[in-house]
$ cat run02.txt   # compact mmCIF, C-alpha atoms
# COMPACT_ATOMS: atom_id res chain seq x y z
CA MET A 1 -5.35 -0.11 55.79
CA THR A 2 -3.58 3.18 56.23
CA HIS A 3 -4.77 5.03 59.31
CA LEU A 4 -4.29 8.78 59.25
CA GLU A 5 -5.82 11.23 61.66
CA PRO A 6 -8.93 12.95 60.29
CA SER A 7 -8.60 16.62 59.53
CA ASN A 8 -10.57 19.14 61.52
CA ARG A 9 -10.73 21.58 58.63
CA ALA A 10 -12.75 19.75 55.97
CA PRO A 11 -15.55 17.25 56.45
CA ALA A 12 -15.65 14.08 54.43
CA ALA A 13 -18.10 13.81 51.57
CA LYS A 14 -20.73 11.31 52.67
CA PRO A 15 -22.54 8.95 50.34
CA LYS A 16 -26.06 10.09 49.56
CA GLY A 17 -27.64 6.72 50.11
CA ASN A 18 -27.67 5.64 46.48
CA LEU A 19 -28.87 2.07 46.59
CA GLY A 20 -26.81 -0.32 44.57
CA GLN A 21 -23.60 1.65 44.86
CA PRO A 22 -20.47 0.90 46.83
CA ASP A 23 -19.83 3.01 49.92
CA VAL A 24 -17.20 5.65 49.12
CA GLN A 25 -15.84 7.97 51.79
CA VAL A 26 -13.71 10.94 50.75
CA ALA A 27 -11.64 12.98 53.21
CA ASP A 28 -9.36 15.98 52.79
CA GLN A 29 -6.39 16.16 55.18
CA GLN A 30 -4.38 18.73 53.25
CA SER A 31 -4.68 22.50 53.00
CA GLY A 32 -2.83 23.36 49.80
CA HIS A 33 -5.72 22.96 47.37
CA GLU A 34 -9.46 23.42 47.54
CA LEU A 35 -11.09 20.21 46.33
CA ASP A 36 -14.58 19.18 45.27
CA LEU A 37 -14.93 16.12 47.48
CA GLU A 38 -18.37 15.24 46.14
CA ARG A 39 -16.97 15.15 42.58
CA TYR A 40 -14.37 12.57 43.60
CA ARG A 41 -16.88 10.53 45.60
CA THR A 42 -19.17 10.41 42.57
CA LEU A 43 -16.32 9.48 40.24
CA ALA A 44 -15.10 6.74 42.59
CA ALA A 45 -18.60 5.28 42.99
CA SER A 46 -19.03 5.31 39.21
CA VAL A 47 -15.76 3.45 38.63
CA LEU A 48 -16.53 0.86 41.30
CA THR A 49 -20.05 0.27 39.98
CA SER A 50 -18.77 -0.05 36.40
CA GLU A 51 -16.17 -2.56 37.58
CA GLY A 52 -18.92 -4.70 39.13
CA VAL A 53 -18.09 -3.99 42.76
CA PRO A 54 -21.14 -4.94 44.84
CA GLU A 55 -23.32 -2.60 46.84
CA GLY A 56 -21.94 -1.93 50.29
CA ALA A 57 -18.28 -2.54 49.44
CA ALA A 58 -16.27 0.24 51.07
CA LEU A 59 -13.49 2.43 49.68
CA THR A 60 -11.81 5.49 51.11
CA VAL A 61 -10.24 8.25 49.00
CA LEU A 62 -7.96 10.41 51.07
CA PHE A 63 -6.20 13.64 50.07
CA VAL A 64 -3.01 14.33 52.02
CA SER A 65 -0.14 16.80 52.25
CA SER A 66 3.23 16.30 50.59
CA GLN A 67 4.81 15.37 53.93
CA ALA A 68 2.13 12.78 54.75
CA MET A 69 2.51 11.28 51.28
CA ALA A 70 6.31 11.21 51.57
CA ASP A 71 5.97 9.38 54.90
CA LEU A 72 3.57 6.81 53.37
CA ASN A 73 5.75 6.39 50.29
CA ALA A 74 8.84 5.72 52.43
CA LYS A 75 7.06 3.37 54.83
CA HIS A 76 5.11 1.30 52.29
CA MET A 77 7.05 1.59 49.03
CA GLY A 78 10.59 2.29 50.23
CA HIS A 79 10.85 5.41 48.07
CA GLU A 80 11.91 8.89 49.11
CA GLY A 81 9.66 11.91 48.68
CA PRO A 82 5.99 12.29 47.89
CA THR A 83 4.26 10.58 44.98
CA ASP A 84 0.94 11.41 43.35
CA VAL A 85 -1.13 8.35 44.35
CA LEU A 86 -0.83 5.24 46.49
CA ALA A 87 -3.32 2.40 46.68
CA PHE A 88 -3.76 0.15 49.70
CA PRO A 89 -6.03 -2.81 48.88
CA ILE A 90 -7.56 -4.72 51.78
CA ASP A 91 -10.04 -7.41 50.70
CA GLU A 92 -8.36 -8.33 47.42
CA HIS A 93 -10.10 -10.71 45.02
CA VAL A 94 -13.32 -10.70 47.05
CA VAL A 95 -15.06 -8.59 44.41
CA ASP A 96 -14.56 -11.41 41.89
CA GLN A 97 -16.85 -13.77 43.80
CA ASP A 98 -20.29 -14.54 42.34
CA PHE A 99 -22.07 -14.73 45.68
CA PRO A 100 -22.90 -12.08 48.26
CA ALA A 101 -20.22 -11.66 50.87
CA PRO A 102 -21.31 -12.54 54.41
CA MET A 103 -19.71 -9.36 55.71
CA PRO A 104 -18.90 -5.95 54.23
CA ILE A 105 -16.11 -5.87 51.68
CA LEU A 106 -13.38 -3.41 52.62
CA LEU A 107 -11.75 -2.58 49.31
CA GLY A 108 -9.06 -0.32 50.72
CA ASP A 109 -7.72 3.20 50.51
CA VAL A 110 -6.65 5.44 47.66
CA VAL A 111 -4.34 8.20 48.91
CA ILE A 112 -3.69 11.22 46.67
CA CYS A 113 -1.34 14.16 47.09
CA PRO A 114 -2.82 17.25 45.39
CA ASN A 115 0.56 19.07 45.57
CA VAL A 116 2.19 16.39 43.41
CA ALA A 117 -0.87 16.30 41.15
CA ALA A 118 -0.57 20.07 40.66
CA ALA A 119 3.09 19.69 39.72
CA ASN A 120 2.23 16.96 37.17
CA CYS A 121 -0.97 18.30 35.64
CA LEU A 122 0.63 20.26 32.80
CA ILE A 123 2.98 17.38 31.99
CA ASN A 124 -0.03 15.07 31.68
CA LYS A 125 -2.14 17.50 29.65
CA ASP A 126 -3.78 15.63 26.76
CA SER A 127 -2.82 12.25 28.28
CA TYR A 128 -6.47 11.35 27.74
CA PRO A 129 -9.22 13.07 25.75
CA GLY A 130 -10.38 16.09 27.71
CA HIS A 131 -7.40 16.40 30.09
CA ASP A 132 -6.86 20.14 29.81
CA GLY A 133 -3.89 20.33 32.15
CA SER A 134 -5.97 21.33 35.18
CA ILE A 135 -5.48 19.91 38.65
CA THR A 136 -9.11 18.71 38.56
CA ASP A 137 -8.46 16.61 35.47
CA GLU A 138 -5.23 15.27 36.96
CA ILE A 139 -6.93 14.27 40.21
CA ASP A 140 -9.76 12.64 38.22
CA LEU A 141 -7.12 10.48 36.54
CA LEU A 142 -5.45 9.68 39.87
CA VAL A 143 -8.74 8.67 41.49
CA VAL A 144 -9.46 6.24 38.64
CA HIS A 145 -5.86 5.00 38.57
CA GLY A 146 -5.78 4.39 42.33
CA ILE A 147 -9.10 2.54 42.31
CA LEU A 148 -7.94 0.27 39.51
CA HIS A 149 -4.86 -0.57 41.61
CA VAL A 150 -7.08 -1.36 44.62
CA LEU A 151 -9.09 -3.67 42.35
CA GLY A 152 -5.93 -5.52 41.32
CA MET A 153 -4.84 -3.87 38.07
CA ASP A 154 -1.20 -3.00 37.57
CA HIS A 155 1.15 -1.54 34.97
CA ALA A 156 4.24 -3.67 35.54
CA ASP A 157 4.64 -4.55 31.85
CA ASP A 158 3.44 -3.17 28.51
CA GLU A 159 0.41 -5.45 28.27
CA ASP A 160 -0.79 -4.60 31.80
CA ARG A 161 -0.09 -0.89 31.24
CA ASN A 162 -2.10 -0.87 28.01
CA MET A 163 -5.03 -2.64 29.69
CA MET A 164 -4.96 -0.27 32.65
CA GLN A 165 -4.76 2.84 30.46
CA ALA A 166 -7.65 1.59 28.31
CA SER A 167 -9.71 1.07 31.46
CA GLU A 168 -8.80 4.56 32.71
CA LEU A 169 -9.89 6.07 29.40
CA THR A 170 -13.17 4.16 29.50
CA HIS A 171 -13.98 5.35 33.02
CA LEU A 172 -12.98 8.96 32.34
CA ALA A 173 -15.04 9.01 29.13
CA ALA A 174 -18.03 7.65 31.03
CA PHE A 175 -17.55 10.43 33.58
CA GLY A 176 -18.00 13.02 30.85
CA TYR A 177 -14.69 13.66 29.14
CA GLU A 178 -15.77 12.75 25.60
CA GLY A 179 -16.13 15.77 23.37
CA ARG A 180 -14.98 18.30 25.95

$ encode --input "run02.txt" --output "structure tokens"
Amino acid sequence: MTHLEPSNRAPAAKPKGNLGQPDVQVADQQSGHELDLERYRTLAASVLTSEGVPEGAALTVLFVSSQAMADLNAKHMGHEGPTDVLAFPIDEHVVDQDFPAPMPILLGDVVICPNVAAANCLINKDSYPGHDGSITDEIDLLVVHGILHVLGMDHADDEDRNMMQASELTHLAAFGYEGR
């Protein structure tokens, strides 16, 4: 799991005690963009629930600065500079079990850089129905994309990429993008 120091400027969005939902924590450690943390917590919980992740499984969505993302990208991926999203799975394949886990499932972390998302949002406009080129729509896509990576999906080849994109579209449509 990636450990970054919590920010003093923005509190994390806390789950509202919805029974049956995974536990999603969202924290904002960047200052470049004002974010609706509750929106991303709700979206993440929706994706996890739709994917069959059991109640109590824990996921963190973290928003970081360009420098923090560049550091993570170099350390964990061996690439220079910031990227838009990184996923750090912890308890892989546990969510596929048909029995209750004896201890909490720690899914992992999804780390998003809003600065990179802002730079990419116009490029990705219309990449799914309802993506209007806004940073909000781009971050919605990145939240879903990162969670799917945590849950084991990838886009290493055309078949995997098509399956992952279809899943992204399904989750975004369920979140309210159809007919926008």

$ closest_atom_pairs --input "run02.txt" --of "segment 42-140 of chain A" --to "segment 150-155 of chain A" --cutoff "12 Å" --atoms "all atoms listed in the file" --output "JSON lines"
{"residue": "A:Ala44", "atom": "CA", "partner": "A:Val150", "partner_atom": "CA", "distance": 11.6}
{"residue": "A:Val47", "atom": "CA", "partner": "A:Leu151", "partner_atom": "CA", "distance": 10.4}
{"residue": "A:Leu48", "atom": "CA", "partner": "A:Leu151", "partner_atom": "CA", "distance": 8.8}
{"residue": "A:Thr49", "atom": "CA", "partner": "A:Leu151", "partner_atom": "CA", "distance": 11.9}
{"residue": "A:Ser50", "atom": "CA", "partner": "A:Leu151", "partner_atom": "CA", "distance": 11.9}
{"residue": "A:Glu51", "atom": "CA", "partner": "A:Leu151", "partner_atom": "CA", "distance": 8.6}
{"residue": "A:Gly52", "atom": "CA", "partner": "A:Leu151", "partner_atom": "CA", "distance": 10.4}
{"residue": "A:Val53", "atom": "CA", "partner": "A:Leu151", "partner_atom": "CA", "distance": 9.0}
{"residue": "A:Ala57", "atom": "CA", "partner": "A:Leu151", "partner_atom": "CA", "distance": 11.7}
{"residue": "A:Ala58", "atom": "CA", "partner": "A:Val150", "partner_atom": "CA", "distance": 11.3}
{"residue": "A:Leu59", "atom": "CA", "partner": "A:Val150", "partner_atom": "CA", "distance": 9.0}
{"residue": "A:Thr60", "atom": "CA", "partner": "A:Val150", "partner_atom": "CA", "distance": 10.6}
{"residue": "A:Val61", "atom": "CA", "partner": "A:Val150", "partner_atom": "CA", "distance": 11.0}
{"residue": "A:Val85", "atom": "CA", "partner": "A:Val150", "partner_atom": "CA", "distance": 11.4}
{"residue": "A:Leu86", "atom": "CA", "partner": "A:Val150", "partner_atom": "CA", "distance": 9.3}
{"residue": "A:Ala87", "atom": "CA", "partner": "A:Val150", "partner_atom": "CA", "distance": 5.7}
{"residue": "A:Phe88", "atom": "CA", "partner": "A:Val150", "partner_atom": "CA", "distance": 6.3}
{"residue": "A:Pro89", "atom": "CA", "partner": "A:Val150", "partner_atom": "CA", "distance": 4.6}
{"residue": "A:Ile90", "atom": "CA", "partner": "A:Val150", "partner_atom": "CA", "distance": 7.9}
{"residue": "A:Asp91", "atom": "CA", "partner": "A:Val150", "partner_atom": "CA", "distance": 9.1}
{"residue": "A:Glu92", "atom": "CA", "partner": "A:Leu151", "partner_atom": "CA", "distance": 6.9}
{"residue": "A:His93", "atom": "CA", "partner": "A:Leu151", "partner_atom": "CA", "distance": 7.6}
{"residue": "A:Val94", "atom": "CA", "partner": "A:Leu151", "partner_atom": "CA", "distance": 9.5}
{"residue": "A:Val95", "atom": "CA", "partner": "A:Leu151", "partner_atom": "CA", "distance": 8.0}
{"residue": "A:Asp96", "atom": "CA", "partner": "A:Leu151", "partner_atom": "CA", "distance": 9.5}
{"residue": "A:Ile105", "atom": "CA", "partner": "A:Leu151", "partner_atom": "CA", "distance": 11.9}
{"residue": "A:Leu106", "atom": "CA", "partner": "A:Val150", "partner_atom": "CA", "distance": 10.4}
{"residue": "A:Leu107", "atom": "CA", "partner": "A:Val150", "partner_atom": "CA", "distance": 6.7}
{"residue": "A:Gly108", "atom": "CA", "partner": "A:Val150", "partner_atom": "CA", "distance": 6.5}
{"residue": "A:Asp109", "atom": "CA", "partner": "A:Val150", "partner_atom": "CA", "distance": 7.5}
{"residue": "A:Val110", "atom": "CA", "partner": "A:Val150", "partner_atom": "CA", "distance": 7.5}
{"residue": "A:Val111", "atom": "CA", "partner": "A:Val150", "partner_atom": "CA", "distance": 10.8}

$ closest_residue --input "run02.txt" --among "A:Ala74, A:Val64, A:Ala174, A:Ala156" --to "Cys113 of chain A" --atoms "all atoms listed in the file"
A:Val64

$ atom_distance --input "run02.txt" --atom1 "atom CA of Leu142 of chain A" --atom2 "atom CA of Asp157 of chain A"
19.2 Å

$ atom_distance --input "run02.txt" --atom1 "atom CA of Leu62 of chain A" --atom2 "atom CA of Ala27 of chain A"
5.0 Å

$ atom_distance --input "run02.txt" --atom1 "atom CA of Asn115 of chain A" --atom2 "atom CA of His171 of chain A"
23.6 Å

$ residues_around --input "run02.txt" --residues "Cys121 of chain A" --least-positions-apart "3" --cutoff "9 Å" --atoms "all atoms listed in the file" --output "ChimeraX atom specification"
/A:116-118,124-125,131-139

$ closest_residue --input "run02.txt" --among "A:His149, A:Ile123, A:Ser65, A:Gly176" --to "Gly32 of chain A" --atoms "all atoms listed in the file"
A:Ser65

$ closest_residue --input "run02.txt" --among "A:Pro129, A:Gly56, A:Gly81, A:Gly146" --to "Ala173 of chain A" --atoms "only C-alpha atoms"
A:Pro129

$ closest_residue --input "run02.txt" --among "A:Met69, A:Ile147, A:Pro114, A:Lys75" --to "Val24 of chain A" --atoms "only C-alpha atoms"
A:Ile147
